[in-house]
>>> print(open('model28.cif').read())   # mmCIF, N, CA and C atoms
data_protein
#
loop_
_atom_site.label_atom_id
_atom_site.label_comp_id
_atom_site.auth_asym_id
_atom_site.auth_seq_id
_atom_site.Cartn_x
_atom_site.Cartn_y
_atom_site.Cartn_z
N MET W 495 108.91 103.00 76.04
CA MET W 495 110.28 103.44 75.88
C MET W 495 111.06 103.06 77.13
N GLY W 496 112.22 102.45 76.94
CA GLY W 496 113.04 102.03 78.06
C GLY W 496 113.83 103.18 78.66
N ILE W 497 114.31 102.97 79.86
CA ILE W 497 115.13 103.96 80.55
C ILE W 497 116.57 103.52 80.45
N TRP W 498 117.41 104.39 79.91
CA TRP W 498 118.82 104.07 79.70
C TRP W 498 119.65 104.95 80.60
N GLN W 499 120.55 104.34 81.39
CA GLN W 499 121.35 105.08 82.35
C GLN W 499 122.82 105.15 81.93
N GLY W 500 123.05 105.07 80.65
CA GLY W 500 124.43 105.14 80.15
C GLY W 500 124.88 106.58 79.96
N ARG W 501 126.04 106.73 79.35
CA ARG W 501 126.63 108.04 79.11
C ARG W 501 125.88 108.77 77.99
N SER W 502 125.74 110.06 78.15
CA SER W 502 125.04 110.87 77.16
C SER W 502 125.83 110.90 75.86
N ARG W 503 125.15 111.14 74.76
CA ARG W 503 125.83 111.25 73.47
C ARG W 503 126.19 112.69 73.13
N ARG W 504 125.99 113.57 74.12
CA ARG W 504 126.34 114.97 73.93
C ARG W 504 127.25 115.44 75.05
N LYS W 505 128.16 116.36 74.74
CA LYS W 505 129.00 116.99 75.75
C LYS W 505 128.18 118.04 76.50
N ARG W 506 128.72 118.52 77.61
CA ARG W 506 128.03 119.59 78.34
C ARG W 506 127.91 120.84 77.49
N THR W 507 128.84 121.03 76.57
CA THR W 507 128.80 122.21 75.70
C THR W 507 127.82 122.06 74.56
N GLY W 508 127.28 120.86 74.38
CA GLY W 508 126.34 120.62 73.29
C GLY W 508 126.96 119.90 72.12
N GLY W 509 128.27 119.77 72.14
CA GLY W 509 128.95 119.06 71.06
C GLY W 509 128.66 117.57 71.09
N ARG W 510 128.93 116.92 69.98
CA ARG W 510 128.61 115.50 69.86
C ARG W 510 129.75 114.63 70.38
N LEU W 511 129.40 113.56 71.11
CA LEU W 511 130.37 112.55 71.51
C LEU W 511 130.16 111.33 70.64
N ARG W 512 131.25 110.79 70.12
CA ARG W 512 131.12 109.59 69.31
C ARG W 512 131.22 108.38 70.24
N PRO W 513 130.13 107.60 70.38
CA PRO W 513 130.15 106.48 71.32
C PRO W 513 131.15 105.40 70.89
N ILE W 514 131.80 104.80 71.89
CA ILE W 514 132.78 103.75 71.58
C ILE W 514 132.14 102.37 71.60
N ARG W 515 130.88 102.30 72.01
CA ARG W 515 130.16 101.03 72.01
C ARG W 515 128.66 101.32 71.96
N LYS W 516 127.90 100.25 71.77
CA LYS W 516 126.45 100.39 71.78
C LYS W 516 125.93 100.28 73.20
N LYS W 517 124.62 100.33 73.36
CA LYS W 517 124.02 100.23 74.69
C LYS W 517 124.22 98.82 75.24
N ARG W 518 124.34 98.72 76.57
CA ARG W 518 124.52 97.44 77.24
C ARG W 518 123.34 97.18 78.17
N ARG W 519 123.11 95.91 78.44
CA ARG W 519 121.97 95.54 79.27
C ARG W 519 122.10 96.08 80.69
N PHE W 520 123.32 96.15 81.22
CA PHE W 520 123.49 96.62 82.59
C PHE W 520 123.29 98.13 82.71
N GLU W 521 123.12 98.82 81.60
CA GLU W 521 122.85 100.25 81.63
C GLU W 521 121.35 100.56 81.59
N ILE W 522 120.53 99.52 81.54
CA ILE W 522 119.09 99.72 81.49
C ILE W 522 118.57 100.04 82.88
N GLY W 523 117.72 101.06 82.99
CA GLY W 523 117.09 101.40 84.26
C GLY W 523 115.71 100.76 84.35
N ARG W 524 115.09 100.86 85.52
CA ARG W 524 113.77 100.27 85.72
C ARG W 524 112.69 101.35 85.59
N GLU W 525 111.49 100.89 85.23
CA GLU W 525 110.36 101.79 85.17
C GLU W 525 110.01 102.25 86.58
N LEU W 526 109.48 103.47 86.71
CA LEU W 526 109.13 104.00 88.01
C LEU W 526 107.86 103.36 88.55
N GLN W 527 107.90 102.97 89.81
CA GLN W 527 106.72 102.51 90.53
C GLN W 527 106.76 103.20 91.87
N HIS W 528 105.81 104.05 92.14
CA HIS W 528 105.84 104.87 93.33
C HIS W 528 105.17 104.17 94.51
N ALA W 529 105.70 104.44 95.71
CA ALA W 529 105.09 103.95 96.94
C ALA W 529 103.93 104.86 97.30
N THR W 530 102.78 104.27 97.59
CA THR W 530 101.60 105.05 97.94
C THR W 530 101.00 104.50 99.23
N ILE W 531 99.95 105.16 99.70
CA ILE W 531 99.26 104.73 100.91
C ILE W 531 98.18 103.74 100.53
N GLY W 532 98.17 102.59 101.20
CA GLY W 532 97.18 101.55 100.93
C GLY W 532 97.55 100.30 101.69
N THR W 533 96.94 99.18 101.30
CA THR W 533 97.27 97.91 101.95
C THR W 533 98.73 97.57 101.67
N GLY W 534 99.40 96.93 102.60
CA GLY W 534 100.83 96.69 102.48
C GLY W 534 101.20 95.73 101.37
N THR W 535 101.94 96.23 100.37
CA THR W 535 102.42 95.41 99.26
C THR W 535 103.89 95.70 99.04
N VAL W 536 104.70 94.65 98.96
CA VAL W 536 106.14 94.79 98.72
C VAL W 536 106.51 93.90 97.53
N LYS W 537 107.33 94.42 96.63
CA LYS W 537 107.75 93.68 95.45
C LYS W 537 109.24 93.43 95.53
N THR W 538 109.68 92.24 95.14
CA THR W 538 111.10 91.87 95.16
C THR W 538 111.66 91.95 93.75
N TYR W 539 112.87 92.52 93.62
CA TYR W 539 113.55 92.62 92.34
C TYR W 539 114.89 91.94 92.42
N ARG W 540 115.28 91.29 91.33
CA ARG W 540 116.63 90.78 91.21
C ARG W 540 117.46 91.88 90.57
N VAL W 541 118.58 92.19 91.19
CA VAL W 541 119.47 93.23 90.67
C VAL W 541 120.81 92.61 90.34
N ARG W 542 121.73 93.41 89.92
CA ARG W 542 123.02 92.92 89.45
C ARG W 542 123.74 92.13 90.55
N GLY W 543 124.33 91.02 90.17
CA GLY W 543 125.03 90.18 91.12
C GLY W 543 124.09 89.22 91.83
N ALA W 544 122.90 89.01 91.28
CA ALA W 544 121.88 88.13 91.86
C ALA W 544 121.45 88.59 93.25
N ASN W 545 121.63 89.87 93.55
CA ASN W 545 121.17 90.42 94.81
C ASN W 545 119.69 90.76 94.70
N ARG W 546 119.09 91.10 95.83
CA ARG W 546 117.67 91.41 95.87
C ARG W 546 117.44 92.81 96.40
N LYS W 547 116.44 93.49 95.84
CA LYS W 547 115.98 94.76 96.37
C LYS W 547 114.48 94.64 96.58
N LEU W 548 114.00 95.28 97.63
CA LEU W 548 112.57 95.27 97.93
C LEU W 548 112.02 96.65 97.64
N ARG W 549 110.87 96.70 97.00
CA ARG W 549 110.23 97.97 96.70
C ARG W 549 108.83 97.98 97.29
N ILE W 550 108.55 99.00 98.10
CA ILE W 550 107.21 99.15 98.65
C ILE W 550 106.31 99.73 97.56
N LEU W 551 105.21 99.06 97.30
CA LEU W 551 104.23 99.60 96.36
C LEU W 551 103.13 100.33 97.12
N THR W 552 102.63 99.71 98.19
CA THR W 552 101.65 100.36 99.05
C THR W 552 101.97 100.03 100.50
N THR W 553 101.64 100.94 101.41
CA THR W 553 101.88 100.72 102.83
C THR W 553 100.90 101.52 103.66
N GLN W 554 100.66 101.03 104.87
CA GLN W 554 99.79 101.74 105.80
C GLN W 554 100.52 102.15 107.06
N THR W 555 101.70 101.58 107.31
CA THR W 555 102.41 101.82 108.56
C THR W 555 103.81 102.35 108.31
N ILE W 556 104.34 103.02 109.32
CA ILE W 556 105.70 103.56 109.28
C ILE W 556 106.33 103.36 110.65
N ASN W 557 107.62 103.06 110.67
CA ASN W 557 108.38 102.97 111.92
C ASN W 557 108.83 104.38 112.27
N VAL W 558 108.34 104.91 113.39
CA VAL W 558 108.60 106.30 113.77
C VAL W 558 109.57 106.35 114.94
N TYR W 559 110.66 107.09 114.76
CA TYR W 559 111.61 107.35 115.84
C TYR W 559 111.32 108.72 116.41
N ASP W 560 111.16 108.79 117.74
CA ASP W 560 110.91 110.06 118.42
C ASP W 560 112.19 110.50 119.11
N PRO W 561 112.84 111.57 118.64
CA PRO W 561 114.11 111.99 119.24
C PRO W 561 113.97 112.48 120.69
N ALA W 562 112.78 112.93 121.07
CA ALA W 562 112.60 113.42 122.43
C ALA W 562 112.65 112.27 123.44
N THR W 563 111.96 111.18 123.13
CA THR W 563 111.92 110.03 124.04
C THR W 563 112.93 108.95 123.67
N LYS W 564 113.55 109.08 122.49
CA LYS W 564 114.52 108.10 121.97
C LYS W 564 113.91 106.70 121.86
N LYS W 565 112.65 106.63 121.44
CA LYS W 565 111.95 105.35 121.27
C LYS W 565 111.41 105.27 119.84
N THR W 566 111.25 104.04 119.39
CA THR W 566 110.69 103.78 118.07
C THR W 566 109.37 103.04 118.23
N GLN W 567 108.37 103.46 117.45
CA GLN W 567 107.08 102.79 117.48
C GLN W 567 106.51 102.75 116.07
N THR W 568 105.54 101.87 115.88
CA THR W 568 104.87 101.76 114.60
C THR W 568 103.60 102.60 114.64
N ALA W 569 103.39 103.36 113.57
CA ALA W 569 102.22 104.24 113.50
C ALA W 569 101.53 104.07 112.15
N ARG W 570 100.24 104.38 112.13
CA ARG W 570 99.47 104.30 110.89
C ARG W 570 99.62 105.62 110.12
N VAL W 571 99.83 105.51 108.82
CA VAL W 571 99.97 106.69 107.96
C VAL W 571 98.58 107.16 107.56
N ILE W 572 98.33 108.47 107.71
CA ILE W 572 97.04 109.04 107.34
C ILE W 572 97.10 109.64 105.94
N THR W 573 98.07 110.56 105.71
CA THR W 573 98.20 111.20 104.40
C THR W 573 99.59 111.79 104.24
N VAL W 574 99.89 112.23 103.03
CA VAL W 574 101.15 112.91 102.73
C VAL W 574 100.89 114.41 102.84
N ARG W 575 101.69 115.10 103.64
CA ARG W 575 101.51 116.55 103.84
C ARG W 575 102.40 117.36 102.90
N GLU W 576 103.69 116.98 102.77
CA GLU W 576 104.64 117.68 101.90
C GLU W 576 105.52 116.65 101.22
N ASN W 577 106.00 117.01 100.03
CA ASN W 577 106.99 116.18 99.36
C ASN W 577 107.90 117.09 98.56
N PRO W 578 109.14 117.32 99.05
CA PRO W 578 110.02 118.27 98.37
C PRO W 578 110.49 117.80 96.99
N SER W 579 110.42 116.50 96.70
CA SER W 579 110.87 116.04 95.40
C SER W 579 109.89 116.42 94.29
N ASN W 580 108.59 116.51 94.62
CA ASN W 580 107.61 116.89 93.61
C ASN W 580 106.32 117.31 94.32
N PRO W 581 105.88 118.55 94.18
CA PRO W 581 104.65 118.99 94.85
C PRO W 581 103.41 118.20 94.41
N ASN W 582 103.43 117.66 93.19
CA ASN W 582 102.30 116.87 92.70
C ASN W 582 102.14 115.56 93.46
N TYR W 583 103.23 115.06 94.07
CA TYR W 583 103.16 113.81 94.82
C TYR W 583 102.26 113.92 96.04
N VAL W 584 102.06 115.13 96.57
CA VAL W 584 101.19 115.32 97.73
C VAL W 584 99.76 114.97 97.37
N GLN W 585 99.29 115.42 96.22
CA GLN W 585 97.93 115.14 95.79
C GLN W 585 97.72 113.67 95.49
N ARG W 586 98.79 113.00 95.04
CA ARG W 586 98.69 111.59 94.67
C ARG W 586 99.08 110.65 95.81
N ASN W 587 99.45 111.21 96.99
CA ASN W 587 99.85 110.43 98.16
C ASN W 587 101.03 109.50 97.86
N ILE W 588 102.03 110.02 97.15
CA ILE W 588 103.23 109.25 96.83
C ILE W 588 104.29 109.54 97.87
N ILE W 589 104.91 108.47 98.37
CA ILE W 589 105.89 108.57 99.45
C ILE W 589 107.29 108.39 98.89
N THR W 590 108.18 109.37 99.17
CA THR W 590 109.59 109.26 98.83
C THR W 590 110.41 109.68 100.04
N LYS W 591 111.72 109.52 99.95
CA LYS W 591 112.58 109.95 101.05
C LYS W 591 112.48 111.47 101.18
N GLY W 592 112.32 111.95 102.42
CA GLY W 592 112.19 113.38 102.68
C GLY W 592 110.77 113.87 102.75
N ALA W 593 109.80 113.02 102.40
CA ALA W 593 108.39 113.43 102.44
C ALA W 593 107.94 113.58 103.89
N ILE W 594 107.02 114.52 104.12
CA ILE W 594 106.42 114.72 105.43
C ILE W 594 105.06 114.03 105.43
N LEU W 595 104.89 113.06 106.34
CA LEU W 595 103.65 112.31 106.43
C LEU W 595 102.89 112.69 107.69
N GLU W 596 101.57 112.68 107.60
CA GLU W 596 100.74 112.85 108.78
C GLU W 596 100.40 111.45 109.29
N THR W 597 100.72 111.18 110.56
CA THR W 597 100.47 109.87 111.16
C THR W 597 99.67 110.04 112.44
N GLU W 598 99.41 108.91 113.10
CA GLU W 598 98.69 108.93 114.37
C GLU W 598 99.46 109.68 115.45
N VAL W 599 100.80 109.65 115.38
CA VAL W 599 101.63 110.26 116.42
C VAL W 599 102.09 111.67 116.05
N GLY W 600 101.68 112.17 114.90
CA GLY W 600 102.07 113.52 114.48
C GLY W 600 102.76 113.50 113.13
N LEU W 601 103.48 114.57 112.83
CA LEU W 601 104.17 114.68 111.55
C LEU W 601 105.48 113.91 111.60
N VAL W 602 105.78 113.21 110.50
CA VAL W 602 106.96 112.36 110.41
C VAL W 602 107.66 112.61 109.09
N ARG W 603 109.00 112.76 109.13
CA ARG W 603 109.79 112.88 107.91
C ARG W 603 110.35 111.51 107.55
N VAL W 604 110.13 111.07 106.31
CA VAL W 604 110.60 109.76 105.86
C VAL W 604 112.12 109.79 105.71
N ARG W 605 112.81 108.82 106.33
CA ARG W 605 114.27 108.75 106.29
C ARG W 605 114.78 107.55 105.51
N SER W 606 113.91 106.66 105.07
CA SER W 606 114.34 105.51 104.27
C SER W 606 113.92 105.72 102.82
N ARG W 607 114.41 104.87 101.96
CA ARG W 607 114.05 104.94 100.55
C ARG W 607 113.08 103.81 100.24
N PRO W 608 111.78 104.09 100.18
CA PRO W 608 110.81 103.01 100.02
C PRO W 608 110.96 102.23 98.71
N GLY W 609 111.54 102.84 97.70
CA GLY W 609 111.72 102.14 96.44
C GLY W 609 112.93 101.22 96.43
N GLN W 610 113.78 101.29 97.46
CA GLN W 610 114.99 100.47 97.49
C GLN W 610 115.09 99.61 98.73
N ASP W 611 114.57 100.08 99.86
CA ASP W 611 114.80 99.39 101.12
C ASP W 611 113.69 98.40 101.46
N GLY W 612 112.49 98.64 101.00
CA GLY W 612 111.38 97.75 101.33
C GLY W 612 110.84 97.96 102.72
N VAL W 613 111.23 99.06 103.37
CA VAL W 613 110.75 99.38 104.71
C VAL W 613 110.56 100.89 104.76
N LEU W 614 109.63 101.33 105.60
CA LEU W 614 109.36 102.76 105.71
C LEU W 614 109.71 103.22 107.12
N ASN W 615 110.79 103.98 107.24
CA ASN W 615 111.25 104.52 108.51
C ASN W 615 111.14 106.03 108.48
N GLY W 616 110.89 106.62 109.64
CA GLY W 616 110.77 108.07 109.70
C GLY W 616 111.12 108.61 111.07
N VAL W 617 111.33 109.93 111.13
CA VAL W 617 111.64 110.63 112.37
C VAL W 617 110.54 111.64 112.61
N ARG W 618 110.05 111.67 113.85
CA ARG W 618 108.99 112.61 114.21
C ARG W 618 109.54 114.03 114.18
N VAL W 619 108.77 114.95 113.61
CA VAL W 619 109.17 116.35 113.54
C VAL W 619 108.13 117.20 114.26
N GLU W 620 108.58 118.32 114.74
CA GLU W 620 107.67 119.24 115.43
C GLU W 620 106.81 119.95 114.39
N ALA W 621 105.54 120.17 114.72
CA ALA W 621 104.64 120.90 113.84
C ALA W 621 105.10 122.35 113.77
N PRO W 622 105.07 122.97 112.60
CA PRO W 622 105.48 124.37 112.50
C PRO W 622 104.57 125.27 113.32
N ALA W 623 105.17 126.23 113.99
CA ALA W 623 104.39 127.16 114.83
C ALA W 623 103.57 128.09 113.94
N ALA W 624 102.37 128.42 114.39
CA ALA W 624 101.50 129.33 113.65
C ALA W 624 102.07 130.74 113.71
N ALA W 625 102.03 131.43 112.59
CA ALA W 625 102.57 132.80 112.53
C ALA W 625 101.65 133.73 113.31
N ALA W 626 102.24 134.57 114.14
CA ALA W 626 101.42 135.48 114.96
C ALA W 626 101.33 136.85 114.34
#
>>> encode(input="model28.cif", output="structure tokens")
Amino acid sequence: MGIWQGRSRRKRTGGRLRPIRKKRRFEIGRELQHATIGTGTVKTYRVRGANRKLRILTTQTINVYDPATKKTQTARVITVRENPSNPNYVQRNIITKGAILETEVGLVRVRSRPGQDGVLNGVRVEAPAAAA
């Protein structure tokens, strides 16, 4: 089943909207492919206007910015600790924007969109203090 990103055929109240046209090709969405931890793989897509988008399929490294030292370094990703978009993504090691990753340099919050940017950037975060 395809993904359609056009206007709904129902109003917010539940009433019916009579469409003024049929579905168009530019309203078709893409199937989901999640970024996971593994050997580095990037896929290129042609999008509207003959532009290109890069999608990370698997990755092992992340560009980490440390606000304390104001330096950026590359670190190896160990695992996904939290993912606010879907708790199930933690078990499957799926990386999205906002996910908390465990790396060699500590915990990192992902600040890029791996499904659109083709690069994985993050900011180092402090580990939560243990409750006393």
>>> resolve_selection(input="model28.cif", expression="the PyMOL selection byres (((chain W and resi 597 and name CA) around 12) and name CA)", output="PyMOL selection string")
chain W and resi 531+554-558+567-575+594-596+598-604+616-619
>>> resolve_selection(input="model28.cif", expression="the PyMOL selection byres (((chain W and resi 591 and name CA) around 8) and name CA)", output="ChimeraX atom specification")
/W:589-590,592-593,603-608
>>> closest_residue(input="model28.cif", among="W:Gln585, W:Thr535, W:Asn545, W:Gln499", to="Gly523 in chain W", atoms="only N, CA and C atoms")
W:Gln499
>>> residues_near_point(input="model28.cif", point="(120.0, 93.7, 87.1)", cutoff="8 Å", atoms="all atoms listed in the file", output="ChimeraX atom specification")
/W:519-520,522,539-545
>>> atom_distance(input="model28.cif", atom1="CA of Ile588 in chain W", atom2="CA of Asp611 in chain W")
15.8 Å
>>> atom_distance(input="model28.cif", atom1="CA of Ile514 in chain W", atom2="CA of Trp498 in chain W")
16.2 Å
>>> atom_distance(input="model28.cif", atom1="CA of Leu551 in chain W", atom2="CA of Lys564 in chain W")
28.9 Å
>>> select_by_dssp(input="model28.cif", residues="range 497-599 of chain W", states="strand (DSSP E or B)", output="PyMOL selection string")
chain W and resi 497-498+504+510+522-523+529-531+535-541+545-553+555-560+565-576+588-589+594-597
>>> resolve_selection(input="model28.cif", expression="the PyMOL selection byres (((chain W and resi 527 and name CA) around 12) and name CA)", output="list in words")
Arg524, Glu525, Leu526, His528, Ala529, Thr530, Val536, Lys537, Leu548, Arg549, Ile550, Leu551, Thr552, Ile588, Ile589, Thr590, Pro608, Gly609 and Gln610 of chain W
>>> axis_aligned_box(input="model28.cif", around="range 525-532 of chain W", padding_each_side="8 Å", output="AutoDock Vina command-line options")
--center_x 104.3 --center_y 102.7 --center_z 93.4 --size_x 30.3 --size_y 20.9 --size_z 32.5
